[in-house]
file final37.cif (mmCIF, N, CA, C and O atoms)
data_data
loop_
_atom_site.label_atom_id
_atom_site.label_comp_id
_atom_site.auth_asym_id
_atom_site.auth_seq_id
_atom_site.Cartn_x
_atom_site.Cartn_y
_atom_site.Cartn_z
N MET X 154 0.85 -1.18 0.00
CA MET X 154 0.00 0.00 0.00
C MET X 154 0.89 1.24 0.00
O MET X 154 1.81 1.36 0.80
N LYS X 155 0.59 2.17 -0.89
CA LYS X 155 1.40 3.38 -1.02
C LYS X 155 0.89 4.45 -0.04
O LYS X 155 -0.31 4.63 0.12
N GLN X 156 1.82 5.13 0.58
CA GLN X 156 1.49 6.13 1.59
C GLN X 156 1.65 7.52 1.00
O GLN X 156 2.66 7.82 0.37
N ASN X 157 0.66 8.40 1.21
CA ASN X 157 0.71 9.75 0.68
C ASN X 157 1.50 10.70 1.57
O ASN X 157 2.08 11.66 1.08
N LEU X 158 1.50 10.47 2.86
CA LEU X 158 2.17 11.38 3.79
C LEU X 158 3.51 10.81 4.22
O LEU X 158 3.62 9.62 4.53
N ARG X 159 4.49 11.65 4.26
CA ARG X 159 5.80 11.25 4.77
C ARG X 159 5.82 11.45 6.28
O ARG X 159 4.92 12.04 6.87
N LYS X 160 6.91 10.96 6.89
CA LYS X 160 7.01 11.00 8.35
C LYS X 160 6.99 12.44 8.88
O LYS X 160 6.30 12.74 9.85
N HIS X 161 7.72 13.34 8.24
CA HIS X 161 7.78 14.72 8.75
C HIS X 161 6.47 15.46 8.53
O HIS X 161 6.15 16.38 9.27
N GLU X 162 5.69 15.05 7.53
CA GLU X 162 4.38 15.68 7.35
C GLU X 162 3.41 15.26 8.44
O GLU X 162 2.63 16.06 8.93
N ILE X 163 3.47 14.00 8.82
CA ILE X 163 2.62 13.52 9.92
C ILE X 163 3.02 14.22 11.22
O ILE X 163 2.17 14.64 12.00
N LEU X 164 4.32 14.35 11.45
CA LEU X 164 4.79 15.07 12.64
C LEU X 164 4.33 16.52 12.61
O LEU X 164 3.96 17.09 13.64
N GLY X 165 4.37 17.14 11.44
CA GLY X 165 3.91 18.52 11.32
C GLY X 165 2.44 18.67 11.66
O GLY X 165 2.04 19.62 12.35
N LEU X 166 1.63 17.74 11.21
CA LEU X 166 0.21 17.78 11.53
C LEU X 166 -0.03 17.55 13.02
O LEU X 166 -0.89 18.21 13.63
N VAL X 167 0.73 16.64 13.62
CA VAL X 167 0.59 16.39 15.05
C VAL X 167 1.03 17.62 15.84
O VAL X 167 0.38 18.01 16.82
N TYR X 168 2.14 18.24 15.42
CA TYR X 168 2.61 19.45 16.11
C TYR X 168 1.57 20.56 16.03
O TYR X 168 1.33 21.26 17.01
N GLN X 169 0.98 20.75 14.86
CA GLN X 169 -0.02 21.80 14.74
C GLN X 169 -1.25 21.49 15.57
O GLN X 169 -1.84 22.39 16.17
N PHE X 170 -1.66 20.24 15.62
CA PHE X 170 -2.80 19.86 16.45
C PHE X 170 -2.52 20.11 17.93
O PHE X 170 -3.35 20.69 18.64
N LEU X 171 -1.35 19.70 18.40
CA LEU X 171 -1.00 19.92 19.81
C LEU X 171 -0.84 21.40 20.12
O LEU X 171 -1.22 21.86 21.20
N GLY X 172 -0.27 22.16 19.17
CA GLY X 172 -0.13 23.59 19.38
C GLY X 172 -1.48 24.30 19.47
O GLY X 172 -1.69 25.14 20.34
N ALA X 173 -2.41 23.94 18.59
CA ALA X 173 -3.74 24.53 18.63
C ALA X 173 -4.48 24.13 19.91
O ALA X 173 -5.22 24.93 20.49
N THR X 174 -4.26 22.90 20.37
CA THR X 174 -4.88 22.45 21.61
C THR X 174 -4.34 23.25 22.80
O THR X 174 -5.11 23.68 23.67
N CYS X 175 -3.03 23.46 22.84
CA CYS X 175 -2.44 24.25 23.94
C CYS X 175 -2.94 25.68 23.92
O CYS X 175 -3.24 26.26 24.97
N ILE X 176 -3.04 26.27 22.75
CA ILE X 176 -3.54 27.64 22.65
C ILE X 176 -5.01 27.70 23.08
O ILE X 176 -5.43 28.63 23.78
N GLY X 177 -5.79 26.70 22.70
CA GLY X 177 -7.20 26.65 23.11
C GLY X 177 -7.35 26.51 24.61
O GLY X 177 -8.20 27.17 25.22
N ILE X 178 -6.54 25.65 25.21
CA ILE X 178 -6.58 25.51 26.67
C ILE X 178 -6.12 26.81 27.34
O ILE X 178 -6.66 27.21 28.37
N GLY X 179 -5.15 27.49 26.74
CA GLY X 179 -4.69 28.77 27.27
C GLY X 179 -5.78 29.83 27.22
O GLY X 179 -5.95 30.62 28.16
N ILE X 180 -6.54 29.86 26.13
CA ILE X 180 -7.65 30.81 26.03
C ILE X 180 -8.72 30.48 27.07
O ILE X 180 -9.25 31.37 27.73
N TYR X 181 -9.01 29.19 27.21
CA TYR X 181 -9.99 28.78 28.23
C TYR X 181 -9.51 29.18 29.62
O TYR X 181 -10.30 29.70 30.42
N TRP X 182 -8.24 28.93 29.91
CA TRP X 182 -7.71 29.25 31.24
C TRP X 182 -7.73 30.75 31.50
O TRP X 182 -8.08 31.19 32.59
N SER X 183 -7.39 31.55 30.52
CA SER X 183 -7.39 33.00 30.73
C SER X 183 -8.81 33.53 30.91
O SER X 183 -9.03 34.45 31.71
N MET X 184 -9.78 32.96 30.19
CA MET X 184 -11.17 33.36 30.39
C MET X 184 -11.65 32.96 31.78
O MET X 184 -12.36 33.72 32.44
N TRP X 185 -11.29 31.76 32.21
CA TRP X 185 -11.69 31.32 33.54
C TRP X 185 -11.04 32.17 34.62
O TRP X 185 -11.67 32.50 35.63
N ALA X 186 -9.79 32.56 34.43
CA ALA X 186 -9.12 33.41 35.41
C ALA X 186 -9.79 34.77 35.49
O ALA X 186 -9.84 35.39 36.57
N ALA X 187 -10.33 35.26 34.37
CA ALA X 187 -10.99 36.55 34.37
C ALA X 187 -12.38 36.48 35.00
O ALA X 187 -12.82 37.41 35.69
N VAL X 188 -13.09 35.38 34.79
CA VAL X 188 -14.47 35.27 35.25
C VAL X 188 -14.56 34.62 36.62
O VAL X 188 -15.60 34.70 37.29
N ARG X 189 -13.48 34.05 37.08
CA ARG X 189 -13.50 33.32 38.36
C ARG X 189 -13.87 34.23 39.52
O ARG X 189 -14.58 33.79 40.44
N THR X 190 -13.47 35.47 39.49
CA THR X 190 -13.82 36.38 40.59
C THR X 190 -15.33 36.61 40.63
O THR X 190 -15.90 36.76 41.71
N LEU X 191 -15.97 36.65 39.47
CA LEU X 191 -17.43 36.82 39.47
C LEU X 191 -18.14 35.54 39.90
O LEU X 191 -19.17 35.58 40.56
N HIS X 192 -17.60 34.41 39.54
CA HIS X 192 -18.23 33.13 39.87
C HIS X 192 -18.22 32.87 41.39
O HIS X 192 -19.23 32.46 41.95
N TYR X 193 -17.08 33.11 42.01
CA TYR X 193 -16.97 32.87 43.45
C TYR X 193 -17.35 34.08 44.28
O TYR X 193 -17.36 33.99 45.51
N ARG X 194 -17.64 35.19 43.65
CA ARG X 194 -18.02 36.44 44.32
C ARG X 194 -16.99 36.83 45.38
O ARG X 194 -17.31 37.13 46.52
N SER X 195 -15.73 36.82 44.96
CA SER X 195 -14.66 37.24 45.85
C SER X 195 -13.63 37.99 44.99
O SER X 195 -13.71 38.00 43.78
N LEU X 196 -12.68 38.57 45.65
CA LEU X 196 -11.66 39.34 44.95
C LEU X 196 -10.35 38.57 44.80
O LEU X 196 -9.30 39.18 44.66
N THR X 197 -10.42 37.26 44.84
CA THR X 197 -9.20 36.47 44.67
C THR X 197 -8.77 36.50 43.20
O THR X 197 -9.57 36.26 42.30
N LEU X 198 -7.53 36.80 43.00
CA LEU X 198 -6.99 36.86 41.65
C LEU X 198 -6.12 35.63 41.40
O LEU X 198 -6.07 34.72 42.21
N VAL X 199 -5.44 35.63 40.29
CA VAL X 199 -4.57 34.51 39.94
C VAL X 199 -3.42 34.45 40.93
O VAL X 199 -2.77 35.46 41.21
N ASN X 200 -3.17 33.26 41.48
CA ASN X 200 -2.10 33.07 42.46
C ASN X 200 -0.74 33.01 41.79
O ASN X 200 -0.62 33.03 40.57
N GLY X 201 0.30 32.86 42.58
CA GLY X 201 1.67 32.88 42.08
C GLY X 201 1.99 31.76 41.10
O GLY X 201 2.54 32.00 40.03
N SER X 202 1.66 30.54 41.46
CA SER X 202 2.00 29.43 40.57
C SER X 202 1.09 29.37 39.34
O SER X 202 1.47 28.80 38.33
N GLU X 203 -0.09 29.96 39.43
CA GLU X 203 -1.00 29.96 38.29
C GLU X 203 -0.54 30.89 37.18
O GLU X 203 -0.96 30.74 36.04
N TRP X 204 0.31 31.85 37.50
CA TRP X 204 0.84 32.75 36.48
C TRP X 204 1.73 32.00 35.49
O TRP X 204 1.90 32.44 34.37
N LEU X 205 2.27 30.88 35.91
CA LEU X 205 3.12 30.10 35.01
C LEU X 205 2.33 29.41 33.90
O LEU X 205 2.90 29.03 32.88
N LEU X 206 1.03 29.25 34.09
CA LEU X 206 0.22 28.59 33.06
C LEU X 206 0.08 29.43 31.80
O LEU X 206 -0.02 28.88 30.70
N PHE X 207 0.07 30.75 31.94
CA PHE X 207 -0.09 31.60 30.77
C PHE X 207 1.08 31.45 29.78
O PHE X 207 0.85 31.12 28.61
N PRO X 208 2.32 31.68 30.20
CA PRO X 208 3.41 31.50 29.22
C PRO X 208 3.62 30.05 28.82
O PRO X 208 4.03 29.75 27.70
N LEU X 209 3.31 29.13 29.74
CA LEU X 209 3.48 27.71 29.41
C LEU X 209 2.52 27.30 28.30
O LEU X 209 2.95 26.71 27.29
N LEU X 210 1.25 27.61 28.45
CA LEU X 210 0.27 27.18 27.45
C LEU X 210 0.41 27.95 26.14
O LEU X 210 0.46 27.36 25.07
N PHE X 211 0.47 29.29 26.22
CA PHE X 211 0.56 30.07 24.99
C PHE X 211 1.92 29.93 24.32
O PHE X 211 2.02 29.84 23.10
N GLY X 212 2.98 29.88 25.12
CA GLY X 212 4.32 29.73 24.55
C GLY X 212 4.53 28.37 23.92
O GLY X 212 5.01 28.26 22.78
N LEU X 213 4.16 27.33 24.64
CA LEU X 213 4.30 25.98 24.10
C LEU X 213 3.40 25.80 22.88
O LEU X 213 3.81 25.19 21.89
N GLY X 214 2.20 26.33 22.93
CA GLY X 214 1.30 26.24 21.79
C GLY X 214 1.84 26.97 20.57
O GLY X 214 1.77 26.46 19.45
N GLY X 215 2.41 28.14 20.77
CA GLY X 215 2.99 28.88 19.65
C GLY X 215 4.20 28.19 19.05
O GLY X 215 4.37 28.16 17.83
N ILE X 216 5.02 27.62 19.91
CA ILE X 216 6.21 26.91 19.41
C ILE X 216 5.80 25.67 18.63
O ILE X 216 6.32 25.42 17.53
N LEU X 217 4.87 24.89 19.17
CA LEU X 217 4.43 23.69 18.46
C LEU X 217 3.73 24.03 17.15
O LEU X 217 3.90 23.35 16.14
N TRP X 218 2.94 25.09 17.15
CA TRP X 218 2.25 25.51 15.93
C TRP X 218 3.25 25.90 14.85
O TRP X 218 3.11 25.51 13.69
N SER X 219 4.26 26.68 15.23
CA SER X 219 5.24 27.12 14.23
C SER X 219 6.12 25.96 13.77
O SER X 219 6.49 25.89 12.59
N LEU X 220 6.47 25.04 14.67
CA LEU X 220 7.23 23.86 14.25
C LEU X 220 6.43 23.00 13.27
O LEU X 220 6.98 22.47 12.30
N GLY X 221 5.14 22.87 13.51
CA GLY X 221 4.30 22.13 12.58
C GLY X 221 4.21 22.81 11.23
O GLY X 221 4.20 22.15 10.19
N GLY X 222 4.17 24.13 11.23
CA GLY X 222 4.16 24.87 9.96
C GLY X 222 5.45 24.70 9.18
O GLY X 222 5.43 24.58 7.95
N VAL X 223 6.57 24.65 9.88
CA VAL X 223 7.86 24.45 9.22
C VAL X 223 7.93 23.04 8.63
O VAL X 223 8.40 22.85 7.50
N GLU X 224 7.46 22.06 9.37
CA GLU X 224 7.49 20.68 8.87
C GLU X 224 6.61 20.53 7.64
O GLU X 224 6.96 19.82 6.70
N LEU X 225 5.46 21.18 7.63
CA LEU X 225 4.57 21.06 6.48
C LEU X 225 5.03 21.91 5.31
O LEU X 225 4.74 21.60 4.16
N LYS X 226 5.76 22.98 5.58
CA LYS X 226 6.25 23.85 4.51
C LYS X 226 7.30 23.14 3.66
O LYS X 226 7.42 23.41 2.47
N GLU X 227 8.04 22.25 4.27
CA GLU X 227 9.10 21.54 3.55
C GLU X 227 8.55 20.51 2.58
O GLU X 227 9.28 19.99 1.76
N ALA X 228 7.28 20.16 2.67
CA ALA X 228 6.70 19.15 1.79
C ALA X 228 6.51 19.73 0.40
O ALA X 228 5.98 20.82 0.23
N GLU X 229 6.95 19.02 -0.60
CA GLU X 229 6.80 19.46 -1.97
C GLU X 229 5.52 18.87 -2.55
O GLU X 229 5.28 17.68 -2.41
N PRO X 230 4.73 19.69 -3.21
CA PRO X 230 3.49 19.14 -3.79
C PRO X 230 3.80 18.23 -4.98
O PRO X 230 4.66 18.52 -5.80
N GLY X 231 3.12 17.13 -5.04
CA GLY X 231 3.26 16.22 -6.16
C GLY X 231 4.51 15.39 -6.15
O GLY X 231 4.96 14.93 -7.21
N TYR X 232 5.15 15.18 -5.01
CA TYR X 232 6.36 14.37 -4.98
C TYR X 232 5.98 12.92 -5.18
O TYR X 232 4.92 12.47 -4.82
N GLY X 233 6.85 12.20 -5.78
CA GLY X 233 6.62 10.79 -6.01
C GLY X 233 5.69 10.49 -7.16
O GLY X 233 5.34 9.34 -7.39
N VAL X 234 5.29 11.50 -7.91
CA VAL X 234 4.40 11.29 -9.04
C VAL X 234 5.24 11.13 -10.29
O VAL X 234 6.03 12.01 -10.64
N LYS X 235 5.09 10.03 -10.96
CA LYS X 235 5.84 9.79 -12.21
C LYS X 235 5.00 10.26 -13.38
O LYS X 235 3.84 9.92 -13.51
N ARG X 236 5.62 11.06 -14.21
CA ARG X 236 4.91 11.58 -15.38
C ARG X 236 5.50 11.08 -16.65
O ARG X 236 6.54 10.69 -16.83
#
call {"tool": "encode", "arguments": {"input": "final37.cif", "output": "C-alpha cells"}}
result
Amino acid sequence: MKQNLRKHEILGLVYQFLGATCIGIGIYWSMWAAVRTLHYRSLTLVNGSEWLLFPLLFGLGGILWSLGGVELKEAEPGYGVKR
C-alpha cells in the first residue's frame, strides 16, 4: 500500500494539532481566570503558581504551531508522481 504522507508531514500535523490544543486551553484558562472572581463572588486573583500557566500554554502552543508549519512547509506538492 502506497502512503501519501511522509514522516515529517505527519509530525507537522501532530505538532499543529497539539499547538492549537495548547492555545485553546490557554484561552480557556485565561477566560476562567478573568471570570473566576465573578463566579466565586470574591476578589481572589490569579495566584503565584497559576501565572506560570499563561506562558506555558501560549508559549508551548505557539512553538508547536510554528514547528508544525515548518514541517509542512518543507513538503513538496506532487512528490513521487511519475509523469
call {"tool": "select_by_dssp", "arguments": {"input": "final37.cif", "residues": "chain X", "states": "helix (DSSP H, G or I)", "output": "VMD selection string"}}
result
chain X and resid 160 to 193 202 to 226
call {"tool": "closest_residue", "arguments": {"input": "final37.cif", "among": "X:Ser195, X:Leu220, X:Phe207, X:Leu158", "to": "Gly179 in chain X", "atoms": "all atoms listed in the file"}}
result
X:Phe207
call {"tool": "atom_distance", "arguments": {"input": "final37.cif", "atom1": "atom C of Gly214 in chain X", "atom2": "atom O of Arg189 in chain X"}}
result
26.7 Å
call {"tool": "residues_around", "arguments": {"input": "final37.cif", "residues": "Glu162 in chain X", "least_positions_apart": "6", "cutoff": "8 Å", "atoms": "only N, CA, C and O atoms", "output": "list of chain:residue names"}}
result
X:Tyr168, X:Gln169, X:Gly221, X:Glu224, X:Leu225, X:Lys226, X:Glu227, X:Ala228
call {"tool": "atom_distance", "arguments": {"input": "final37.cif", "atom1": "atom O of Cys175 in chain X", "atom2": "atom O of Arg194 in chain X"}}
result
27.9 Å
call {"tool": "resolve_selection", "arguments": {"input": "final37.cif", "expression": "the PyMOL selection byres (((chain X and resi 182 and name CA) around 12) and name CA)", "output": "ChimeraX atom specification"}}
result
/X:175-181,183-189,199,203-211
call {"tool": "atom_distance", "arguments": {"input": "final37.cif", "atom1": "CA of Leu171 in chain X", "atom2": "CA of Arg159 in chain X"}}
result
18.6 Å
